[in-house]
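Undergrad: Next comes data15.txt, compact mmCIF, C-alpha atoms (C1' of nucleotides):
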```txt
# COMPACT_ATOMS: atom_id res chain seq x y z
CA MET D 1 0.00 0.00 0.00
CA ALA D 2 1.13 3.49 -0.73
CA ARG D 3 -0.06 4.85 2.56
CA PRO D 4 -1.07 2.95 5.68
CA PRO D 5 -4.85 3.35 5.42
CA ALA D 6 -4.98 6.41 7.68
CA PRO D 7 -5.35 5.52 11.36
CA PRO D 8 -8.80 6.46 12.63
CA LEU D 9 -8.52 9.80 14.35
CA ASP D 10 -9.53 10.11 17.98
CA ARG D 11 -11.19 13.48 18.55
CA GLY D 12 -11.81 12.95 22.25
CA LEU D 13 -14.44 15.25 23.67
CA LEU D 14 -14.43 17.59 20.67
CA PRO D 15 -17.44 16.06 18.86
CA SER D 16 -19.63 16.79 21.89
CA LEU D 17 -18.70 20.48 21.93
CA LEU D 18 -21.05 23.00 20.39
CA GLY D 19 -18.23 25.46 19.82
CA TYR D 20 -16.27 22.85 17.89
CA ALA D 21 -19.19 22.00 15.61
CA LEU D 22 -19.78 25.69 15.05
CA ARG D 23 -16.19 26.36 14.10
CA ARG D 24 -15.94 23.47 11.66
CA THR D 25 -19.29 24.21 10.04
CA GLN D 26 -18.49 27.89 9.70
CA SER D 27 -15.21 27.01 8.02
CA ALA D 28 -16.88 24.66 5.52
CA VAL D 29 -19.66 27.15 4.79
CA PHE D 30 -17.11 29.89 4.21
CA ALA D 31 -15.27 27.66 1.75
CA ASP D 32 -18.53 26.90 -0.05
CA PHE D 33 -19.32 30.61 -0.24
CA ALA D 34 -15.90 31.36 -1.72
CA ALA D 35 -16.19 28.48 -4.20
CA THR D 36 -19.66 29.59 -5.30
CA PHE D 37 -18.40 33.07 -6.09
CA ALA D 38 -15.15 31.90 -7.65
CA ARG D 39 -17.00 29.60 -10.05
CA ALA D 40 -19.13 32.58 -11.12
CA GLY D 41 -15.99 34.65 -11.66
CA GLU D 42 -16.86 36.96 -8.76
CA THR D 43 -14.86 37.83 -5.68
CA LEU D 44 -16.55 38.58 -2.37
CA THR D 45 -16.42 37.49 1.24
CA PRO D 46 -19.47 36.82 3.42
CA GLY D 47 -18.53 39.86 5.48
CA GLU D 48 -18.43 42.12 2.44
CA PHE D 49 -21.82 40.82 1.33
CA GLY D 50 -23.33 41.60 4.72
CA LEU D 51 -21.79 45.06 4.61
CA LEU D 52 -23.21 45.81 1.17
CA VAL D 53 -26.68 44.68 2.20
CA LEU D 54 -26.58 46.88 5.31
CA VAL D 55 -25.46 49.93 3.35
CA GLU D 56 -28.10 49.36 0.69
CA ARG D 57 -30.91 49.03 3.20
CA ASN D 58 -29.67 51.88 5.40
CA ALA D 59 -28.31 54.41 2.92
CA GLY D 60 -26.61 57.37 4.55
CA MET D 61 -25.50 55.50 7.65
CA SER D 62 -22.15 56.43 9.20
CA GLN D 63 -19.08 54.26 9.49
CA MET D 64 -19.52 54.04 13.24
CA ALA D 65 -23.08 52.81 12.88
CA LEU D 66 -21.93 50.28 10.30
CA ALA D 67 -19.06 49.09 12.46
CA ARG D 68 -21.43 48.62 15.36
CA ALA D 69 -23.90 46.73 13.18
CA LEU D 70 -21.09 44.46 12.00
CA GLY D 71 -19.65 44.05 15.47
CA ILE D 72 -16.17 45.18 14.47
CA ASP D 73 -13.92 48.08 15.40
CA ARG D 74 -14.20 51.26 13.36
CA SER D 75 -10.51 51.03 12.48
CA THR D 76 -11.06 47.54 11.10
CA LEU D 77 -13.77 48.87 8.83
CA VAL D 78 -11.55 51.42 7.07
CA PRO D 79 -9.53 49.09 4.79
CA ILE D 80 -12.67 47.10 3.97
CA LEU D 81 -14.50 50.23 2.86
CA ASN D 82 -11.40 51.35 0.96
CA ARG D 83 -11.45 48.13 -1.01
CA LEU D 84 -15.17 48.25 -1.83
CA GLN D 85 -14.89 51.91 -2.75
CA ALA D 86 -11.91 51.15 -4.99
CA ARG D 87 -14.06 48.54 -6.72
CA GLY D 88 -16.64 51.23 -7.36
CA PHE D 89 -19.34 49.69 -5.19
CA LEU D 90 -19.86 52.43 -2.63
CA LEU D 91 -19.21 56.06 -1.81
CA ARG D 92 -18.34 57.99 1.31
CA ASN D 93 -20.51 61.05 0.82
CA ALA D 94 -20.24 64.11 3.01
CA SER D 95 -22.95 64.22 5.62
CA PRO D 96 -25.09 67.37 5.38
CA THR D 97 -25.73 67.37 9.13
CA ASP D 98 -22.48 66.20 10.72
CA GLY D 99 -19.12 67.16 9.36
CA ARG D 100 -17.38 64.29 11.12
CA THR D 101 -19.32 61.45 9.58
CA HIS D 102 -19.56 59.98 6.12
CA ALA D 103 -22.92 59.12 4.62
CA LEU D 104 -22.32 55.70 3.09
CA ALA D 105 -24.21 54.74 -0.03
CA LEU D 106 -24.00 52.21 -2.84
CA THR D 107 -23.19 53.40 -6.33
CA PRO D 108 -25.43 52.24 -9.19
CA ALA D 109 -22.68 49.76 -10.04
CA GLY D 110 -22.75 48.63 -6.41
CA GLU D 111 -26.50 48.09 -6.55
CA LYS D 112 -26.16 46.09 -9.74
CA ALA D 113 -23.33 44.01 -8.33
CA LEU D 114 -25.25 43.38 -5.13
CA ALA D 115 -28.20 42.02 -7.11
CA ARG D 116 -25.78 39.63 -8.82
CA PHE D 117 -24.20 38.68 -5.49
CA ALA D 118 -27.60 38.07 -3.87
CA ARG D 119 -28.43 35.51 -6.54
CA LEU D 120 -25.17 33.68 -5.82
CA VAL D 121 -25.80 33.81 -2.08
CA ARG D 122 -29.23 32.26 -2.55
CA ALA D 123 -27.69 29.42 -4.57
CA HIS D 124 -25.04 28.97 -1.90
CA GLU D 125 -27.67 28.95 0.86
CA LYS D 126 -29.71 26.43 -1.03
CA ARG D 127 -26.76 24.07 -1.20
CA ILE D 128 -25.59 24.29 2.40
CA ALA D 129 -29.15 23.91 3.69
CA GLY D 130 -29.74 21.20 1.14
CA GLY D 131 -30.35 18.37 3.56
CA LEU D 132 -32.73 20.42 5.70
CA SER D 133 -36.38 21.26 5.26
CA ALA D 134 -37.40 24.90 5.33
CA ALA D 135 -38.77 24.40 8.83
CA GLU D 136 -35.54 22.75 9.96
CA THR D 137 -33.52 25.62 8.53
CA ARG D 138 -35.62 28.18 10.38
CA ALA D 139 -35.31 26.12 13.56
CA LEU D 140 -31.54 25.96 13.13
CA ILE D 141 -31.29 29.72 12.68
CA GLU D 142 -33.45 30.19 15.76
CA LEU D 143 -31.22 27.88 17.82
CA LEU D 144 -28.10 29.68 16.59
CA ASP D 145 -29.59 33.02 17.59
CA LYS D 146 -30.39 31.64 21.01
CA VAL D 147 -26.80 30.52 21.42
CA ARG D 148 -25.54 33.87 20.18
CA ARG D 149 -27.59 35.75 22.73
CA ALA D 150 -26.40 33.41 25.51
CA ALA D 151 -22.76 34.00 24.57
CA ARG D 152 -22.21 37.50 25.77
CA PRO D 153 -18.65 38.73 26.35
CA LEU D 154 -18.38 38.59 30.15
CA MET J 1 -30.99 63.51 24.16
CA ALA J 2 -27.32 62.89 23.78
CA ARG J 3 -27.77 60.58 20.84
CA PRO J 4 -30.81 60.20 18.60
CA PRO J 5 -32.14 56.91 19.99
CA ALA J 6 -30.37 54.78 17.35
CA PRO J 7 -32.48 54.28 14.20
CA PRO J 8 -33.70 50.70 13.97
CA LEU J 9 -31.34 48.87 11.65
CA ASP J 10 -32.71 47.22 8.53
CA ARG J 11 -30.88 43.96 7.89
CA GLY J 12 -32.78 43.06 4.73
CA LEU J 13 -32.54 39.41 3.84
CA LEU J 14 -29.63 38.73 6.17
CA PRO J 15 -31.69 37.34 9.09
CA SER J 16 -33.06 34.60 6.84
CA LEU J 17 -29.58 33.43 5.85
CA LEU J 18 -28.08 30.42 7.56
CA GLY J 19 -24.57 31.58 6.75
CA TYR J 20 -25.22 34.93 8.39
CA ALA J 21 -26.56 33.36 11.60
CA LEU J 22 -23.58 31.02 11.64
CA ARG J 23 -21.08 33.82 11.27
CA ARG J 24 -22.59 36.00 13.96
CA THR J 25 -22.99 33.13 16.41
CA GLN J 26 -19.46 31.92 15.79
CA SER J 27 -18.14 35.40 16.49
CA ALA J 28 -20.07 35.71 19.77
CA VAL J 29 -19.03 32.22 20.87
CA PHE J 30 -15.41 33.02 20.10
CA ALA J 31 -15.65 36.17 22.22
CA ASP J 32 -17.18 34.18 25.08
CA PHE J 33 -14.40 31.60 24.82
CA ALA J 34 -11.75 34.32 24.99
CA ALA J 35 -13.48 36.05 27.90
CA THR J 36 -13.81 32.78 29.81
CA PHE J 37 -10.08 32.14 29.53
CA ALA J 38 -9.07 35.74 30.16
CA ARG J 39 -11.07 35.85 33.40
CA ALA J 40 -9.25 32.72 34.54
CA GLY J 41 -5.90 34.30 33.68
CA GLU J 42 -5.30 31.84 30.84
CA THR J 43 -4.64 32.50 27.18
CA LEU J 44 -5.83 30.09 24.50
CA THR J 45 -7.81 30.11 21.28
CA PRO J 46 -10.46 27.55 20.36
CA GLY J 47 -8.17 26.33 17.60
CA GLU J 48 -5.30 25.79 19.99
CA PHE J 49 -7.57 23.87 22.33
CA GLY J 50 -8.68 21.57 19.53
CA LEU J 51 -5.08 21.06 18.52
CA LEU J 52 -4.02 20.11 22.04
CA VAL J 53 -6.88 17.63 22.38
CA LEU J 54 -5.99 15.98 19.06
CA VAL J 55 -2.32 15.66 19.99
CA GLU J 56 -3.16 14.27 23.43
CA ARG J 57 -5.52 11.65 22.02
CA ASN J 58 -3.27 10.76 19.08
CA ALA J 59 0.22 11.01 20.49
CA GLY J 60 2.93 10.55 17.89
CA MET J 61 0.91 11.90 14.99
CA SER J 62 2.71 13.90 12.30
CA GLN J 63 2.22 17.55 11.45
CA MET J 64 0.65 16.61 8.12
CA ALA J 65 -1.88 14.36 9.85
CA LEU J 66 -2.64 17.12 12.32
CA ALA J 67 -3.01 19.75 9.62
CA ARG J 68 -5.40 17.48 7.74
CA ALA J 69 -7.40 16.84 10.91
CA LEU J 70 -7.64 20.57 11.52
CA GLY J 71 -8.42 21.35 7.90
CA ILE J 72 -5.58 23.83 7.51
CA ASP J 73 -2.45 24.03 5.39
CA ARG J 74 0.70 22.49 6.82
CA SER J 75 2.49 25.84 6.49
CA THR J 76 -0.23 27.46 8.60
CA LEU J 77 0.39 24.92 11.33
CA VAL J 78 4.07 25.74 11.79
CA PRO J 79 3.80 29.06 13.70
CA ILE J 80 0.97 27.64 15.83
CA LEU J 81 3.10 24.68 16.88
CA ASN J 82 6.04 27.00 17.44
CA ARG J 83 3.99 29.04 19.89
CA LEU J 84 2.64 26.04 21.79
CA GLN J 85 6.10 24.50 21.91
CA ALA J 86 7.56 27.79 23.18
CA ARG J 87 4.94 27.70 25.95
CA GLY J 88 6.21 24.25 26.90
CA PHE J 89 3.00 22.43 26.02
CA LEU J 90 4.22 20.08 23.31
CA LEU J 91 7.26 18.54 21.67
CA ARG J 92 8.27 17.69 18.13
CA ASN J 93 9.96 14.37 18.75
CA ALA J 94 11.93 12.55 16.07
CA SER J 95 9.94 9.78 14.50
CA PRO J 96 11.62 6.36 14.85
CA THR J 97 10.13 5.14 11.57
CA ASP J 98 10.14 8.15 9.26
CA GLY J 99 12.94 10.68 9.26
CA ARG J 100 10.81 13.31 7.58
CA THR J 101 8.05 13.54 10.15
CA HIS J 102 7.83 14.74 13.71
CA ALA J 103 6.07 12.68 16.35
CA LEU J 104 3.99 15.27 18.18
CA ALA J 105 3.33 14.78 21.88
CA LEU J 106 2.22 16.81 24.87
CA THR J 107 4.69 17.49 27.65
CA PRO J 108 3.61 16.75 31.24
CA ALA J 109 3.07 20.51 31.59
CA GLY J 110 0.96 20.38 28.45
CA GLU J 111 -1.17 17.58 29.87
CA LYS J 112 -1.67 19.49 33.08
CA ALA J 113 -2.54 22.70 31.25
CA LEU J 114 -4.96 20.84 28.98
CA ALA J 115 -6.82 19.48 32.02
CA ARG J 116 -7.18 23.04 33.25
CA PHE J 117 -8.28 24.24 29.83
CA ALA J 118 -10.85 21.46 29.52
CA ARG J 119 -12.52 22.60 32.73
CA LEU J 120 -12.78 26.15 31.35
CA VAL J 121 -14.13 24.87 28.04
CA ARG J 122 -16.84 22.92 29.84
CA ALA J 123 -17.87 26.06 31.74
CA HIS J 124 -17.88 28.00 28.48
CA GLU J 125 -19.95 25.34 26.76
CA LYS J 126 -22.39 25.30 29.64
CA ARG J 127 -22.94 29.02 29.28
CA ILE J 128 -23.37 29.23 25.51
CA ALA J 129 -25.70 26.24 25.50
CA GLY J 130 -27.43 27.62 28.57
CA GLY J 131 -30.83 28.18 27.02
CA LEU J 132 -30.88 24.74 25.41
CA SER J 133 -31.71 21.34 26.83
CA ALA J 134 -29.15 18.55 26.45
CA ALA J 135 -31.30 17.04 23.72
CA GLU J 136 -31.58 20.38 21.92
CA THR J 137 -27.82 20.82 22.09
CA ARG J 138 -27.24 17.39 20.58
CA ALA J 139 -29.83 18.16 17.90
CA LEU J 140 -28.11 21.46 17.12
CA ILE J 141 -24.72 19.77 16.79
CA GLU J 142 -26.30 17.17 14.52
CA LEU J 143 -27.85 19.86 12.31
CA LEU J 144 -24.55 21.73 12.14
CA ASP J 145 -22.76 18.56 11.08
CA LYS J 146 -25.36 17.98 8.39
CA VAL J 147 -24.79 21.50 7.07
CA ARG J 148 -21.03 21.01 7.20
CA ARG J 149 -21.23 17.83 5.14
CA ALA J 150 -23.51 19.55 2.61
CA ALA J 151 -21.07 22.45 2.22
CA ARG J 152 -18.29 20.87 0.30
CA PRO J 153 -15.87 23.08 -1.64
CA LEU J 154 -17.12 22.51 -5.22
C1' DG I 1 19.75 -1.30 -6.10
C1' DC I 2 19.47 3.08 -8.04
C1' DG I 3 17.51 7.06 -10.12
C1' DA I 4 13.02 9.52 -10.28
C1' DA I 5 9.02 11.01 -8.09
C1' DT I 6 6.69 12.04 -3.79
C1' DT I 7 6.16 13.50 0.97
C1' DT I 8 7.28 16.35 4.99
C1' DG I 9 8.44 20.32 7.46
C1' DT I 10 10.04 24.90 6.88
C1' DT I 11 10.67 29.55 5.04
C1' DT I 12 9.17 33.48 2.60
C1' DG I 13 5.73 36.41 0.66
C1' DC I 14 1.17 37.88 0.37
C1' DT I 15 -3.71 38.92 1.94
C1' DC I 16 -7.13 39.55 5.24
C1' DT I 17 -9.23 40.26 9.89
C1' DA I 18 -8.94 42.56 14.20
C1' DC I 19 -7.74 45.44 18.01
C1' DA I 20 -5.42 49.40 20.50
C1' DA I 21 -3.49 53.84 20.70
C1' DA I 22 -2.81 58.24 18.95
C1' DC I 23 -4.35 62.17 16.11
C1' DA I 24 -6.97 65.99 13.65
C1' DA I 25 -11.38 67.64 12.61
C1' DT I 26 -15.84 68.40 14.12
C1' DA I 27 -19.82 68.50 17.49
C1' DT I 28 -21.74 68.95 21.78
C1' DC I 29 -21.94 70.15 26.78
C1' DG I 30 -21.46 73.46 30.61
C1' DC P 1 -16.48 80.22 24.63
C1' DG P 2 -13.87 76.46 26.63
C1' DA P 3 -13.79 71.56 27.86
C1' DT P 4 -15.25 67.13 26.50
C1' DA P 5 -17.16 63.63 22.98
C1' DT P 6 -17.29 61.53 18.75
C1' DT P 7 -15.73 60.27 14.08
C1' DG P 8 -12.68 58.71 10.72
C1' DT P 9 -7.92 57.75 9.88
C1' DT P 10 -3.17 56.15 10.57
C1' DT P 11 0.16 53.25 12.62
C1' DG P 12 1.60 49.28 15.11
C1' DT P 13 0.86 44.63 16.55
C1' DA P 14 -0.84 39.92 16.28
C1' DG P 15 -2.90 36.14 14.21
C1' DA P 16 -5.06 32.94 10.51
C1' DG P 17 -4.43 31.27 6.10
C1' DC P 18 -2.71 30.04 1.45
C1' DA P 19 0.86 29.40 -2.32
C1' DA P 20 5.35 28.60 -3.92
C1' DA P 21 9.91 27.17 -3.31
C1' DC P 22 13.30 24.33 -0.88
C1' DA P 23 16.12 20.57 1.55
C1' DA P 24 15.89 16.20 3.60
C1' DA P 25 13.98 11.76 3.61
C1' DT P 26 11.16 8.20 1.77
C1' DT P 27 9.01 5.42 -1.71
C1' DC P 28 8.20 4.01 -6.52
C1' DG P 29 9.61 2.15 -10.94
C1' DC P 30 12.47 -0.38 -13.38
```
Let's see the structure in the file written out as structure tokens.
TA:
Amino acid sequence: MARPPAPPLDRGLLPSLLGYALRRTQSAVFADFAATFARAGETLTPGEFGLLVLVERNAGMSQMALARALGIDRSTLVPILNRLQARGFLLRNASPTDGRTHALALTPAGEKALARFARLVRAHEKRIAGGLSAAETRALIELLDKVRRAARPL
Amino acid sequence: MARPPAPPLDRGLLPSLLGYALRRTQSAVFADFAATFARAGETLTPGEFGLLVLVERNAGMSQMALARALGIDRSTLVPILNRLQARGFLLRNASPTDGRTHALALTPAGEKALARFARLVRAHEKRIAGGLSAAETRALIELLDKVRRAARPL
DNA sequence: GCGAATTTGTTTGCTCTACAAACAATATCG
DNA sequence: CGATATTGTTTGTAGAGCAAACAAATTCGC
């Protein structure tokens, strides 16, 4: 034999841990997301998709509000916005009411791209939730939200 | 009012997306994991914990086998092992049968630390799964595994 | 058995996420 | 108006992750 047939791996207590299942599933889902977009010749991360949706649905919001909505630091947001702006998807408009903030908005190209992206995301979602009924999927999302609310920092 | 009472955020289709719920939950669970360890004066990531468990339960395994088990590239593993080795938790022993590979093993200090870590992980798990019954938790893990198997890269 | 192909661990280079601290510009509070 | 807050940015640090190249060791093919 070329390789000894791979000794069965002992994962100890890991398979009983919710956090472990979450981490592995998240990793696989991320890979599927990336593969879905790559096959369509597009480039986008799940985080960027979420950001674009938030800006589209809440046009004029500030970077601070967006950072809070995304749960990341405002300094982390800067290079991400730079990239999306460089791709022509969004603009940092001057706010008419507050000279410190930027009023974020999608460009027409950004809107068009987002529509394309949303179609890919739906296909991706359909695949990863493939084995589950619609009711099961909703139940899973509900359980995940319950876990998220229970896991508060502190 | 100091701040206009925070306009209700429109998340569009995001709340119906499994991937979105997964990402947010994973992020909150990670934060809870870090906070649990920080409060106990320990420093460890979920990935490092998983690595230590795998090495403990499969003493002598190679870096390639470990990287495959973790689903990461072997070059990604190197700095992680370096750090854990520098902390005195594990050793890269010479393999008696294959001069290319390292036989990974925990040190006695590593075993002791892992026992401590496992207690913290159980407390963390208890909190994040707090709102769920034992049966619900098992069901959730099962659903997550189903999603993970459905999300294959390509 | 010996040369060719493969495997393993490492290094280097690159990208991305993420936070903290400091800073200038602007708003707001007293 | 002066002191304090907030916002966006820059810089520094740390970590995860992949790809490509490389030396050492093993295995394959003949």
Undergrad: Find the distance between atom CA of D:Glu42 and atom CA of D:Gly60 and write it in Å to one decimal.
TA: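 These atoms are spaced 26.2 Å apart.
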Undergrad: Need the shell around J:Leu143: protein/DNA/RNA residues with any atom at most 12 Å away, counting all atoms listed in the file. Skip same-chain ones fewer than 6 positions apart. Format as a list in words?
TA: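 Result of the neighbour search: Leu18, Ala21, Leu22, Thr25, Ile128, Ala129, Gly130, Gly131, Leu132, Ser133, Glu136, Thr137, Arg138, Ala139, Leu140, Ile141, Leu143 and Leu144 of chain D; Leu18, Leu22, Glu136, Thr137, Arg149 and Ala150 of chain J.
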Undergrad: Tell me as a PDB file with C-alpha atoms, in the frame of the given file which residues belonging to chain D come within 10 Å of chain P, counting all atoms listed in the file.
TA:
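In the end it all went to part.pdb:
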```pdb
ATOM      1  CA  ALA D   2       1.130   3.490  -0.730  1.00  0.00           C
ATOM      2  CA  SER D  62     -22.150  56.430   9.200  1.00  0.00           C
ATOM      3  CA  GLN D  63     -19.080  54.260   9.490  1.00  0.00           C
ATOM      4  CA  MET D  64     -19.520  54.040  13.240  1.00  0.00           C
ATOM      5  CA  ARG D  74     -14.200  51.260  13.360  1.00  0.00           C
ATOM      6  CA  SER D  75     -10.510  51.030  12.480  1.00  0.00           C
ATOM      7  CA  VAL D  78     -11.550  51.420   7.070  1.00  0.00           C
ATOM      8  CA  ASP D  98     -22.480  66.200  10.720  1.00  0.00           C
ATOM      9  CA  GLY D  99     -19.120  67.160   9.360  1.00  0.00           C
ATOM     10  CA  ARG D 100     -17.380  64.290  11.120  1.00  0.00           C
ATOM     11  CA  THR D 101     -19.320  61.450   9.580  1.00  0.00           C
ATOM     12  CA  HIS D 102     -19.560  59.980   6.120  1.00  0.00           C
TER      13      HIS D 102
END
```
Undergrad: Determine, for each residue of chain I having at least one atom at most 9 Å from an atom of chain D, the closest pair of atoms and their separation in Å to one decimal, counting all atoms listed in the file; order by chain and ascending number, as a Markdown table.
TA:
```
| residue | atom | partner | partner_atom | distance |
| --- | --- | --- | --- | --- |
| I:DT17 | C1' | D:Thr76 | CA | 7.6 |
| I:DA18 | C1' | D:Thr76 | CA | 6.2 |
| I:DC19 | C1' | D:Asp73 | CA | 7.2 |
| I:DA25 | C1' | D:Arg100 | CA | 7.0 |
| I:DT26 | C1' | D:Arg100 | CA | 5.3 |
| I:DA27 | C1' | D:Asp98 | CA | 7.6 |
```
Undergrad: Take atom CA of D:Arg92 and atom CA of D:Met61 and report the distance between them in Å, one decimal.
TA: 9.9 Å
Undergrad: What separation in Å, quoted to one decimal, exists between atom CA of D:Arg24 and atom CA of J:Phe49?
TA: 13.6 Å
Undergrad: Which of these residues is nearest to chain D, using only C-alpha atoms: J:Arg116, J:Arg68, J:Arg83, J:Lys146?
TA: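 Of J:Arg116, J:Arg68, J:Arg83, J:Lys146, the one nearest chain D, counting only C-alpha atoms, is J:Lys146.
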Undergrad: Supply stretch 93-112 of chain J as an mmCIF file, in the frame of the given file, with N, CA and C atoms built in where the input has gaps.
TA:
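And here is the file that came out, selection-v5.cif:
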```
data_model
loop_
_atom_site.group_PDB
_atom_site.id
_atom_site.type_symbol
_atom_site.label_atom_id
_atom_site.label_comp_id
_atom_site.auth_asym_id
_atom_site.auth_seq_id
_atom_site.Cartn_x
_atom_site.Cartn_y
_atom_site.Cartn_z
ATOM 1 N N ASN J 93 8.971 15.428 18.616
ATOM 2 C CA ASN J 93 9.960 14.370 18.750
ATOM 3 C C ASN J 93 10.325 13.795 17.385
ATOM 4 N N ALA J 94 11.516 13.214 17.313
ATOM 5 C CA ALA J 94 11.930 12.550 16.070
ATOM 6 C C ALA J 94 11.137 11.258 15.928
ATOM 7 N N SER J 95 10.652 11.023 14.727
ATOM 8 C CA SER J 95 9.940 9.780 14.500
ATOM 9 C C SER J 95 10.943 8.638 14.333
ATOM 10 N N PRO J 96 10.694 7.491 14.971
ATOM 11 C CA PRO J 96 11.620 6.360 14.850
ATOM 12 C C PRO J 96 11.497 5.689 13.485
ATOM 13 N N THR J 97 10.376 5.877 12.805
ATOM 14 C CA THR J 97 10.130 5.140 11.570
ATOM 15 C C THR J 97 10.250 5.988 10.317
ATOM 16 N N ASP J 98 10.132 7.296 10.449
ATOM 17 C CA ASP J 98 10.140 8.150 9.260
ATOM 18 C C ASP J 98 10.901 9.431 9.562
ATOM 19 N N GLY J 99 12.059 9.547 8.965
ATOM 20 C CA GLY J 99 12.940 10.680 9.260
ATOM 21 C C GLY J 99 12.406 12.023 8.834
ATOM 22 N N ARG J 100 11.348 12.022 8.011
ATOM 23 C CA ARG J 100 10.810 13.310 7.580
ATOM 24 C C ARG J 100 9.864 13.911 8.618
ATOM 25 N N THR J 101 9.141 13.049 9.298
ATOM 26 C CA THR J 101 8.050 13.540 10.150
ATOM 27 C C THR J 101 8.482 13.755 11.592
ATOM 28 N N HIS J 102 7.690 14.563 12.272
ATOM 29 C CA HIS J 102 7.830 14.740 13.710
ATOM 30 C C HIS J 102 6.722 13.967 14.410
ATOM 31 N N ALA J 103 7.072 13.344 15.522
ATOM 32 C CA ALA J 103 6.070 12.680 16.350
ATOM 33 C C ALA J 103 5.640 13.670 17.427
ATOM 34 N N LEU J 104 4.466 14.238 17.255
ATOM 35 C CA LEU J 104 3.990 15.270 18.180
ATOM 36 C C LEU J 104 3.500 14.630 19.477
ATOM 37 N N ALA J 105 3.780 15.294 20.581
ATOM 38 C CA ALA J 105 3.330 14.780 21.880
ATOM 39 C C ALA J 105 3.235 15.935 22.863
ATOM 40 N N LEU J 106 2.305 15.823 23.806
ATOM 41 C CA LEU J 106 2.220 16.810 24.870
ATOM 42 C C LEU J 106 3.306 16.554 25.896
ATOM 43 N N THR J 107 3.808 17.617 26.494
ATOM 44 C CA THR J 107 4.690 17.490 27.650
ATOM 45 C C THR J 107 3.807 17.261 28.878
ATOM 46 N N PRO J 108 4.396 16.835 30.000
ATOM 47 C CA PRO J 108 3.610 16.750 31.240
ATOM 48 C C PRO J 108 2.946 18.085 31.562
ATOM 49 N N ALA J 109 3.671 19.187 31.357
ATOM 50 C CA ALA J 109 3.070 20.510 31.590
ATOM 51 C C ALA J 109 1.899 20.734 30.649
ATOM 52 N N GLY J 110 2.042 20.236 29.415
ATOM 53 C CA GLY J 110 0.960 20.380 28.450
ATOM 54 C C GLY J 110 -0.269 19.597 28.870
ATOM 55 N N GLU J 111 -0.044 18.390 29.385
ATOM 56 C CA GLU J 111 -1.170 17.580 29.870
ATOM 57 C C GLU J 111 -1.880 18.280 31.012
ATOM 58 N N LYS J 112 -1.078 18.820 31.918
ATOM 59 C CA LYS J 112 -1.670 19.490 33.080
ATOM 60 C C LYS J 112 -2.461 20.722 32.642
#
```
